[in-house]
$ cat coords_13.cif   # mmCIF, C-alpha atoms
data_data
loop_
_atom_site.label_atom_id
_atom_site.label_comp_id
_atom_site.auth_asym_id
_atom_site.auth_seq_id
_atom_site.Cartn_x
_atom_site.Cartn_y
_atom_site.Cartn_z
CA SER F 139 0.00 0.00 0.00
CA PHE F 140 2.84 2.42 0.78
CA ALA F 141 4.43 1.75 -2.61
CA ARG F 142 1.18 2.81 -4.22
CA CYS F 143 -0.14 5.59 -1.98
CA ILE F 144 2.97 7.66 -1.26
CA PRO F 145 4.03 8.08 -4.92
CA GLY F 146 0.38 8.55 -5.92
CA VAL F 147 -0.07 11.44 -3.49
CA GLY F 148 3.25 12.93 -4.63
CA ILE F 149 2.21 12.75 -8.28
CA TYR F 150 -1.20 14.22 -7.48
CA PHE F 151 0.11 17.24 -5.58
CA SER F 152 3.00 17.80 -8.00
CA THR F 153 0.62 17.77 -10.95
CA LEU F 154 -1.79 20.05 -9.12
CA TYR F 155 1.02 22.49 -8.27
CA VAL F 156 2.36 22.57 -11.85
CA MET F 157 -1.10 23.12 -13.33
CA LYS F 158 -1.89 25.91 -10.86
CA GLN F 159 1.43 27.61 -11.66
CA LYS F 160 0.85 27.31 -15.40
CA PHE F 161 -2.83 28.23 -15.64
CA LEU F 162 -3.54 30.37 -12.57
CA VAL F 163 -1.00 33.12 -12.15
CA ASP F 164 -1.31 34.77 -8.71
CA ARG F 165 -4.96 33.97 -8.09
CA SER F 166 -7.15 31.33 -6.53
CA PRO F 167 -9.06 29.02 -8.84
CA THR F 168 -12.77 29.49 -9.37
CA ALA F 169 -15.09 26.66 -8.36
CA LEU F 170 -15.18 25.22 -11.88
CA GLU F 171 -11.41 25.58 -12.30
CA SER F 172 -10.94 23.70 -9.04
CA VAL F 173 -13.08 20.83 -10.31
CA PHE F 174 -11.00 20.58 -13.48
CA LEU F 175 -7.68 20.93 -11.63
CA GLY F 176 -8.54 18.24 -9.10
CA ALA F 177 -9.93 15.85 -11.70
CA ALA F 178 -6.96 16.32 -14.05
CA ALA F 179 -4.39 15.89 -11.28
CA ARG F 180 -6.12 12.74 -10.07
CA ALA F 181 -6.35 11.38 -13.62
CA VAL F 182 -2.58 11.82 -14.09
CA SER F 183 -1.87 10.20 -10.75
CA GLY F 184 -4.31 7.36 -11.41
CA ILE F 185 -2.82 6.58 -14.81
CA CYS F 186 0.72 6.59 -13.46
CA MET F 187 -0.08 4.38 -10.49
CA LEU F 188 -2.56 1.96 -12.07
CA PRO F 189 0.02 -0.74 -12.88
CA VAL F 190 1.00 -0.86 -9.19
CA THR F 191 -2.67 -1.00 -8.21
CA VAL F 192 -3.40 -3.83 -10.65
CA VAL F 193 -0.50 -5.92 -9.35
CA LYS F 194 -1.40 -5.19 -5.71
CA THR F 195 -5.08 -6.01 -6.15
CA ARG F 196 -4.51 -9.23 -8.04
CA TYR F 197 -1.73 -10.39 -5.76
CA GLU F 198 -3.73 -9.74 -2.60
CA SER F 199 -6.86 -11.43 -3.95
CA GLY F 200 -5.15 -14.83 -3.95
CA ARG F 201 -7.34 -15.78 -6.90
CA PHE F 202 -4.47 -15.81 -9.37
CA GLY F 203 -2.01 -17.87 -7.34
CA TYR F 204 0.97 -15.57 -7.80
CA GLY F 205 4.00 -16.61 -5.76
CA SER F 206 5.37 -13.08 -5.40
CA VAL F 207 4.71 -9.51 -6.42
CA TYR F 208 7.37 -9.84 -9.10
CA GLY F 209 5.70 -13.07 -10.28
CA ALA F 210 2.39 -11.24 -10.52
CA LEU F 211 3.96 -8.44 -12.54
CA LYS F 212 5.68 -10.89 -14.87
CA SER F 213 2.57 -13.05 -15.33
CA ILE F 214 0.27 -10.12 -16.09
CA TYR F 215 2.71 -8.69 -18.60
CA GLN F 216 3.31 -12.06 -20.30
CA THR F 217 -0.34 -13.11 -20.54
CA GLU F 218 -2.04 -9.76 -21.15
CA GLY F 219 0.73 -7.50 -22.36
CA PRO F 220 0.99 -3.81 -21.49
CA ARG F 221 -2.81 -3.45 -21.61
CA GLY F 222 -3.12 -5.81 -18.67
CA MET F 223 -1.23 -3.35 -16.51
CA PHE F 224 -3.96 -0.78 -17.16
CA SER F 225 -6.91 -3.07 -16.60
CA GLY F 226 -9.79 -1.12 -15.07
CA LEU F 227 -8.48 2.30 -16.11
CA THR F 228 -11.85 3.65 -17.24
CA ALA F 229 -13.65 2.57 -14.08
CA THR F 230 -10.85 3.94 -11.91
CA LEU F 231 -10.89 7.33 -13.62
CA LEU F 232 -14.69 7.54 -13.55
CA ARG F 233 -14.60 6.85 -9.80
CA ASP F 234 -11.60 8.93 -8.71
CA ALA F 235 -11.40 11.98 -10.98
CA PRO F 236 -14.86 13.44 -10.24
CA PHE F 237 -14.40 12.87 -6.50
CA SER F 238 -11.04 14.66 -6.48
CA GLY F 239 -12.42 17.52 -8.54
CA ILE F 240 -15.41 18.05 -6.29
CA TYR F 241 -13.27 17.65 -3.17
CA LEU F 242 -10.78 20.28 -4.37
CA MET F 243 -13.64 22.62 -5.27
CA PHE F 244 -15.11 22.41 -1.76
CA TYR F 245 -11.66 22.80 -0.21
CA THR F 246 -10.71 25.89 -2.23
CA GLN F 247 -14.12 27.53 -1.85
CA THR F 248 -14.14 26.94 1.91
CA LYS F 249 -10.58 28.26 2.13
CA ASN F 250 -11.64 31.42 0.26
CA LEU F 251 -14.57 31.96 2.67
CA THR F 252 -12.57 31.65 5.88
CA PRO F 253 -10.93 34.76 7.25
CA GLN F 254 -7.16 35.00 6.97
#
$ encode --input "coords_13.cif" --output "structure tokens"
Amino acid sequence: SFARCIPGVGIYFSTLYVMKQKFLVDRSPTALESVFLGAAARAVSGICMLPVTVVKTRYESGRFGYGSVYGALKSIYQTEGPRGMFSGLTATLLRDAPFSGIYLMFYTQTKNLTPQ
């Protein structure tokens, strides 16, 4: 879980920071901009980390009988190719991106309403 969550959070916040620096010069994002920023940052993070998530999920399920994490990685790649490493991408993005966008919108709007 650490191998998946820590880099995922790093990628998310790094992407969010870069996008805010590029698109929002010296101002807070609007509500709609926050939704897009959060969703886009989470999409980038989700795509980057999905291979780790696929291996983790399949290995932990015990259904596939992998002997090791490396064995799981090797088996998935050999039997399904690179596409196997991104199994469930659409469902993952449809679940995570909207949540992150809405969450960031509420966070930024609440932050703007609170006194300094």
$ closest_residue --input "coords_13.cif" --among "F:Ile214, F:Met223, F:Ile149, F:Cys143" --to "F:Ala178" --atoms "all atoms listed in the file"
F:Ile149
$ residues_around --input "coords_13.cif" --residues "F:Thr248" --least-positions-apart "5" --cutoff "12 Å" --atoms "only C-alpha atoms" --output "list of chain:residue names"
F:Ser166, F:Thr168, F:Ala169, F:Ser172, F:Tyr241, F:Leu242, F:Met243, F:Pro253, F:Gln254
$ resolve_selection --input "coords_13.cif" --expression "the PyMOL selection byres ((chain F and resi 147) around 12)" --output "PDB file with C-alpha atoms, in the frame of the given file"
ATOM      1  CA  SER F 139       0.000   0.000   0.000  1.00  0.00           C
ATOM      2  CA  PHE F 140       2.840   2.420   0.780  1.00  0.00           C
ATOM      3  CA  ALA F 141       4.430   1.750  -2.610  1.00  0.00           C
ATOM      4  CA  ARG F 142       1.180   2.810  -4.220  1.00  0.00           C
ATOM      5  CA  CYS F 143      -0.140   5.590  -1.980  1.00  0.00           C
ATOM      6  CA  ILE F 144       2.970   7.660  -1.260  1.00  0.00           C
ATOM      7  CA  PRO F 145       4.030   8.080  -4.920  1.00  0.00           C
ATOM      8  CA  GLY F 146       0.380   8.550  -5.920  1.00  0.00           C
ATOM      9  CA  GLY F 148       3.250  12.930  -4.630  1.00  0.00           C
ATOM     10  CA  ILE F 149       2.210  12.750  -8.280  1.00  0.00           C
ATOM     11  CA  TYR F 150      -1.200  14.220  -7.480  1.00  0.00           C
ATOM     12  CA  PHE F 151       0.110  17.240  -5.580  1.00  0.00           C
ATOM     13  CA  SER F 152       3.000  17.800  -8.000  1.00  0.00           C
ATOM     14  CA  THR F 153       0.620  17.770 -10.950  1.00  0.00           C
ATOM     15  CA  LEU F 154      -1.790  20.050  -9.120  1.00  0.00           C
ATOM     16  CA  ALA F 179      -4.390  15.890 -11.280  1.00  0.00           C
ATOM     17  CA  ARG F 180      -6.120  12.740 -10.070  1.00  0.00           C
ATOM     18  CA  ALA F 181      -6.350  11.380 -13.620  1.00  0.00           C
ATOM     19  CA  VAL F 182      -2.580  11.820 -14.090  1.00  0.00           C
ATOM     20  CA  SER F 183      -1.870  10.200 -10.750  1.00  0.00           C
ATOM     21  CA  GLY F 184      -4.310   7.360 -11.410  1.00  0.00           C
ATOM     22  CA  CYS F 186       0.720   6.590 -13.460  1.00  0.00           C
ATOM     23  CA  MET F 187      -0.080   4.380 -10.490  1.00  0.00           C
ATOM     24  CA  SER F 238     -11.040  14.660  -6.480  1.00  0.00           C
TER      25      SER F 238
END
$ closest_residue --input "coords_13.cif" --among "F:Met157, F:Val192, F:Phe244, F:Lys249" --to "F:Arg221" --atoms "only C-alpha atoms"
F:Val192
$ resolve_selection --input "coords_13.cif" --expression "the PyMOL selection byres ((chain F and resi 234) around 10)" --output "list in words"
Gly176, Ala177, Arg180, Ala181, Gly184, Ala229, Thr230, Leu231, Leu232, Arg233, Ala235, Pro236, Phe237, Ser238 and Gly239 of chain F
$ write_last_selection --input "coords_13.cif" --atoms "C-alpha atoms" --output "mmCIF file, keeping the file's coordinate frame"
data_model
loop_
_atom_site.group_PDB
_atom_site.id
_atom_site.type_symbol
_atom_site.label_atom_id
_atom_site.label_comp_id
_atom_site.auth_asym_id
_atom_site.auth_seq_id
_atom_site.Cartn_x
_atom_site.Cartn_y
_atom_site.Cartn_z
ATOM 1 C CA GLY F 176 -8.540 18.240 -9.100
ATOM 2 C CA ALA F 177 -9.930 15.850 -11.700
ATOM 3 C CA ARG F 180 -6.120 12.740 -10.070
ATOM 4 C CA ALA F 181 -6.350 11.380 -13.620
ATOM 5 C CA GLY F 184 -4.310 7.360 -11.410
ATOM 6 C CA ALA F 229 -13.650 2.570 -14.080
ATOM 7 C CA THR F 230 -10.850 3.940 -11.910
ATOM 8 C CA LEU F 231 -10.890 7.330 -13.620
ATOM 9 C CA LEU F 232 -14.690 7.540 -13.550
ATOM 10 C CA ARG F 233 -14.600 6.850 -9.800
ATOM 11 C CA ALA F 235 -11.400 11.980 -10.980
ATOM 12 C CA PRO F 236 -14.860 13.440 -10.240
ATOM 13 C CA PHE F 237 -14.400 12.870 -6.500
ATOM 14 C CA SER F 238 -11.040 14.660 -6.480
ATOM 15 C CA GLY F 239 -12.420 17.520 -8.540
#
$ closest_residue --input "coords_13.cif" --among "F:Thr217, F:Phe202, F:Lys158, F:Ser225" --to "F:Glu171" --atoms "all atoms listed in the file"
F:Lys158
$ axis_aligned_box --input "coords_13.cif" --around "stretch 155-170 of chain F" --padding-each-side "4 Å" --output "JSON"
{"center_x": -6.4, "center_y": 28.6, "center_z": -11.1, "size_x": 25.5, "size_y": 20.3, "size_z": 17.1}
$ decode --input "coords_13.cif" --residues "stretch 195-206 of chain F" --atoms "all heavy atoms" --output "PDB file, in the first residue's frame"
ATOM      1  N   THR F 195      -3.739  -5.461  -6.280  1.00  0.00           N
ATOM      2  CA  THR F 195      -5.082  -6.010  -6.145  1.00  0.00           C
ATOM      3  C   THR F 195      -5.121  -7.487  -6.510  1.00  0.00           C
ATOM      4  O   THR F 195      -5.697  -8.301  -5.793  1.00  0.00           O
ATOM      5  CB  THR F 195      -6.067  -5.216  -7.027  1.00  0.00           C
ATOM      6  OG1 THR F 195      -6.014  -3.846  -6.650  1.00  0.00           O
ATOM      7  CG2 THR F 195      -7.484  -5.734  -6.873  1.00  0.00           C
ATOM      8  N   ARG F 196      -4.500  -7.825  -7.617  1.00  0.00           N
ATOM      9  CA  ARG F 196      -4.512  -9.227  -8.044  1.00  0.00           C
ATOM     10  C   ARG F 196      -3.693 -10.111  -7.113  1.00  0.00           C
ATOM     11  O   ARG F 196      -4.091 -11.233  -6.814  1.00  0.00           O
ATOM     12  CB  ARG F 196      -3.997  -9.348  -9.474  1.00  0.00           C
ATOM     13  CG  ARG F 196      -4.958  -8.759 -10.486  1.00  0.00           C
ATOM     14  CD  ARG F 196      -4.470  -9.035 -11.876  1.00  0.00           C
ATOM     15  NE  ARG F 196      -5.306  -8.403 -12.870  1.00  0.00           N
ATOM     16  CZ  ARG F 196      -5.214  -8.641 -14.166  1.00  0.00           C
ATOM     17  NH1 ARG F 196      -4.299  -9.489 -14.624  1.00  0.00           N
ATOM     18  NH2 ARG F 196      -6.002  -8.037 -15.008  1.00  0.00           N
ATOM     19  N   TYR F 197      -2.573  -9.611  -6.665  1.00  0.00           N
ATOM     20  CA  TYR F 197      -1.733 -10.394  -5.759  1.00  0.00           C
ATOM     21  C   TYR F 197      -2.448 -10.647  -4.435  1.00  0.00           C
ATOM     22  O   TYR F 197      -2.466 -11.768  -3.923  1.00  0.00           O
ATOM     23  CB  TYR F 197      -0.404  -9.676  -5.520  1.00  0.00           C
ATOM     24  CG  TYR F 197       0.523 -10.425  -4.595  1.00  0.00           C
ATOM     25  CD1 TYR F 197       1.199 -11.565  -5.036  1.00  0.00           C
ATOM     26  CD2 TYR F 197       0.713 -10.011  -3.287  1.00  0.00           C
ATOM     27  CE1 TYR F 197       2.040 -12.263  -4.189  1.00  0.00           C
ATOM     28  CE2 TYR F 197       1.556 -10.699  -2.440  1.00  0.00           C
ATOM     29  CZ  TYR F 197       2.211 -11.822  -2.892  1.00  0.00           C
ATOM     30  OH  TYR F 197       3.037 -12.514  -2.058  1.00  0.00           O
ATOM     31  N   GLU F 198      -3.056  -9.611  -3.888  1.00  0.00           N
ATOM     32  CA  GLU F 198      -3.729  -9.742  -2.596  1.00  0.00           C
ATOM     33  C   GLU F 198      -5.000 -10.580  -2.661  1.00  0.00           C
ATOM     34  O   GLU F 198      -5.423 -11.139  -1.653  1.00  0.00           O
ATOM     35  CB  GLU F 198      -4.058  -8.365  -2.023  1.00  0.00           C
ATOM     36  CG  GLU F 198      -2.849  -7.623  -1.522  1.00  0.00           C
ATOM     37  CD  GLU F 198      -3.176  -6.245  -0.970  1.00  0.00           C
ATOM     38  OE1 GLU F 198      -4.309  -5.752  -1.181  1.00  0.00           O
ATOM     39  OE2 GLU F 198      -2.292  -5.658  -0.316  1.00  0.00           O
ATOM     40  N   SER F 199      -5.622 -10.669  -3.838  1.00  0.00           N
ATOM     41  CA  SER F 199      -6.860 -11.433  -3.945  1.00  0.00           C
ATOM     42  C   SER F 199      -6.630 -12.929  -3.741  1.00  0.00           C
ATOM     43  O   SER F 199      -7.534 -13.635  -3.299  1.00  0.00           O
ATOM     44  CB  SER F 199      -7.518 -11.195  -5.302  1.00  0.00           C
ATOM     45  OG  SER F 199      -6.827 -11.909  -6.326  1.00  0.00           O
ATOM     46  N   GLY F 200      -5.433 -13.409  -4.068  1.00  0.00           N
ATOM     47  CA  GLY F 200      -5.146 -14.832  -3.946  1.00  0.00           C
ATOM     48  C   GLY F 200      -5.791 -15.672  -5.033  1.00  0.00           C
ATOM     49  O   GLY F 200      -5.536 -16.863  -5.156  1.00  0.00           O
ATOM     50  N   ARG F 201      -6.604 -15.076  -5.841  1.00  0.00           N
ATOM     51  CA  ARG F 201      -7.340 -15.782  -6.897  1.00  0.00           C
ATOM     52  C   ARG F 201      -6.429 -16.246  -8.028  1.00  0.00           C
ATOM     53  O   ARG F 201      -6.703 -17.241  -8.687  1.00  0.00           O
ATOM     54  CB  ARG F 201      -8.421 -14.852  -7.434  1.00  0.00           C
ATOM     55  CG  ARG F 201      -9.266 -15.446  -8.501  1.00  0.00           C
ATOM     56  CD  ARG F 201     -10.413 -14.527  -8.863  1.00  0.00           C
ATOM     57  NE  ARG F 201     -11.019 -15.005 -10.083  1.00  0.00           N
ATOM     58  CZ  ARG F 201     -11.419 -14.241 -11.067  1.00  0.00           C
ATOM     59  NH1 ARG F 201     -11.291 -12.944 -10.962  1.00  0.00           N
ATOM     60  NH2 ARG F 201     -11.944 -14.743 -12.140  1.00  0.00           N
ATOM     61  N   PHE F 202      -5.335 -15.534  -8.234  1.00  0.00           N
ATOM     62  CA  PHE F 202      -4.474 -15.814  -9.374  1.00  0.00           C
ATOM     63  C   PHE F 202      -3.294 -16.721  -9.032  1.00  0.00           C
ATOM     64  O   PHE F 202      -2.595 -17.186  -9.904  1.00  0.00           O
ATOM     65  CB  PHE F 202      -3.970 -14.499  -9.983  1.00  0.00           C
ATOM     66  CG  PHE F 202      -5.085 -13.663 -10.552  1.00  0.00           C
ATOM     67  CD1 PHE F 202      -5.714 -12.707  -9.771  1.00  0.00           C
ATOM     68  CD2 PHE F 202      -5.514 -13.841 -11.850  1.00  0.00           C
ATOM     69  CE1 PHE F 202      -6.750 -11.940 -10.279  1.00  0.00           C
ATOM     70  CE2 PHE F 202      -6.543 -13.082 -12.374  1.00  0.00           C
ATOM     71  CZ  PHE F 202      -7.162 -12.132 -11.584  1.00  0.00           C
ATOM     72  N   GLY F 203      -3.064 -16.956  -7.762  1.00  0.00           N
ATOM     73  CA  GLY F 203      -2.010 -17.867  -7.338  1.00  0.00           C
ATOM     74  C   GLY F 203      -0.597 -17.395  -7.631  1.00  0.00           C
ATOM     75  O   GLY F 203       0.292 -18.214  -7.884  1.00  0.00           O
ATOM     76  N   TYR F 204      -0.381 -16.092  -7.582  1.00  0.00           N
ATOM     77  CA  TYR F 204       0.969 -15.567  -7.802  1.00  0.00           C
ATOM     78  C   TYR F 204       1.836 -15.890  -6.585  1.00  0.00           C
ATOM     79  O   TYR F 204       1.396 -15.768  -5.450  1.00  0.00           O
ATOM     80  CB  TYR F 204       0.943 -14.054  -8.014  1.00  0.00           C
ATOM     81  CG  TYR F 204       0.118 -13.593  -9.190  1.00  0.00           C
ATOM     82  CD1 TYR F 204      -0.822 -12.582  -9.034  1.00  0.00           C
ATOM     83  CD2 TYR F 204       0.278 -14.143 -10.452  1.00  0.00           C
ATOM     84  CE1 TYR F 204      -1.583 -12.133 -10.105  1.00  0.00           C
ATOM     85  CE2 TYR F 204      -0.484 -13.701 -11.526  1.00  0.00           C
ATOM     86  CZ  TYR F 204      -1.410 -12.702 -11.352  1.00  0.00           C
ATOM     87  OH  TYR F 204      -2.156 -12.270 -12.414  1.00  0.00           O
ATOM     88  N   GLY F 205       3.090 -16.275  -6.843  1.00  0.00           N
ATOM     89  CA  GLY F 205       4.001 -16.606  -5.763  1.00  0.00           C
ATOM     90  C   GLY F 205       4.654 -15.390  -5.134  1.00  0.00           C
ATOM     91  O   GLY F 205       5.094 -15.435  -3.988  1.00  0.00           O
ATOM     92  N   SER F 206       4.725 -14.301  -5.889  1.00  0.00           N
ATOM     93  CA  SER F 206       5.366 -13.082  -5.404  1.00  0.00           C
ATOM     94  C   SER F 206       4.809 -11.898  -6.178  1.00  0.00           C
ATOM     95  O   SER F 206       4.131 -12.073  -7.192  1.00  0.00           O
ATOM     96  CB  SER F 206       6.883 -13.159  -5.597  1.00  0.00           C
ATOM     97  OG  SER F 206       7.194 -13.169  -6.984  1.00  0.00           O
TER      98      SER F 206
END
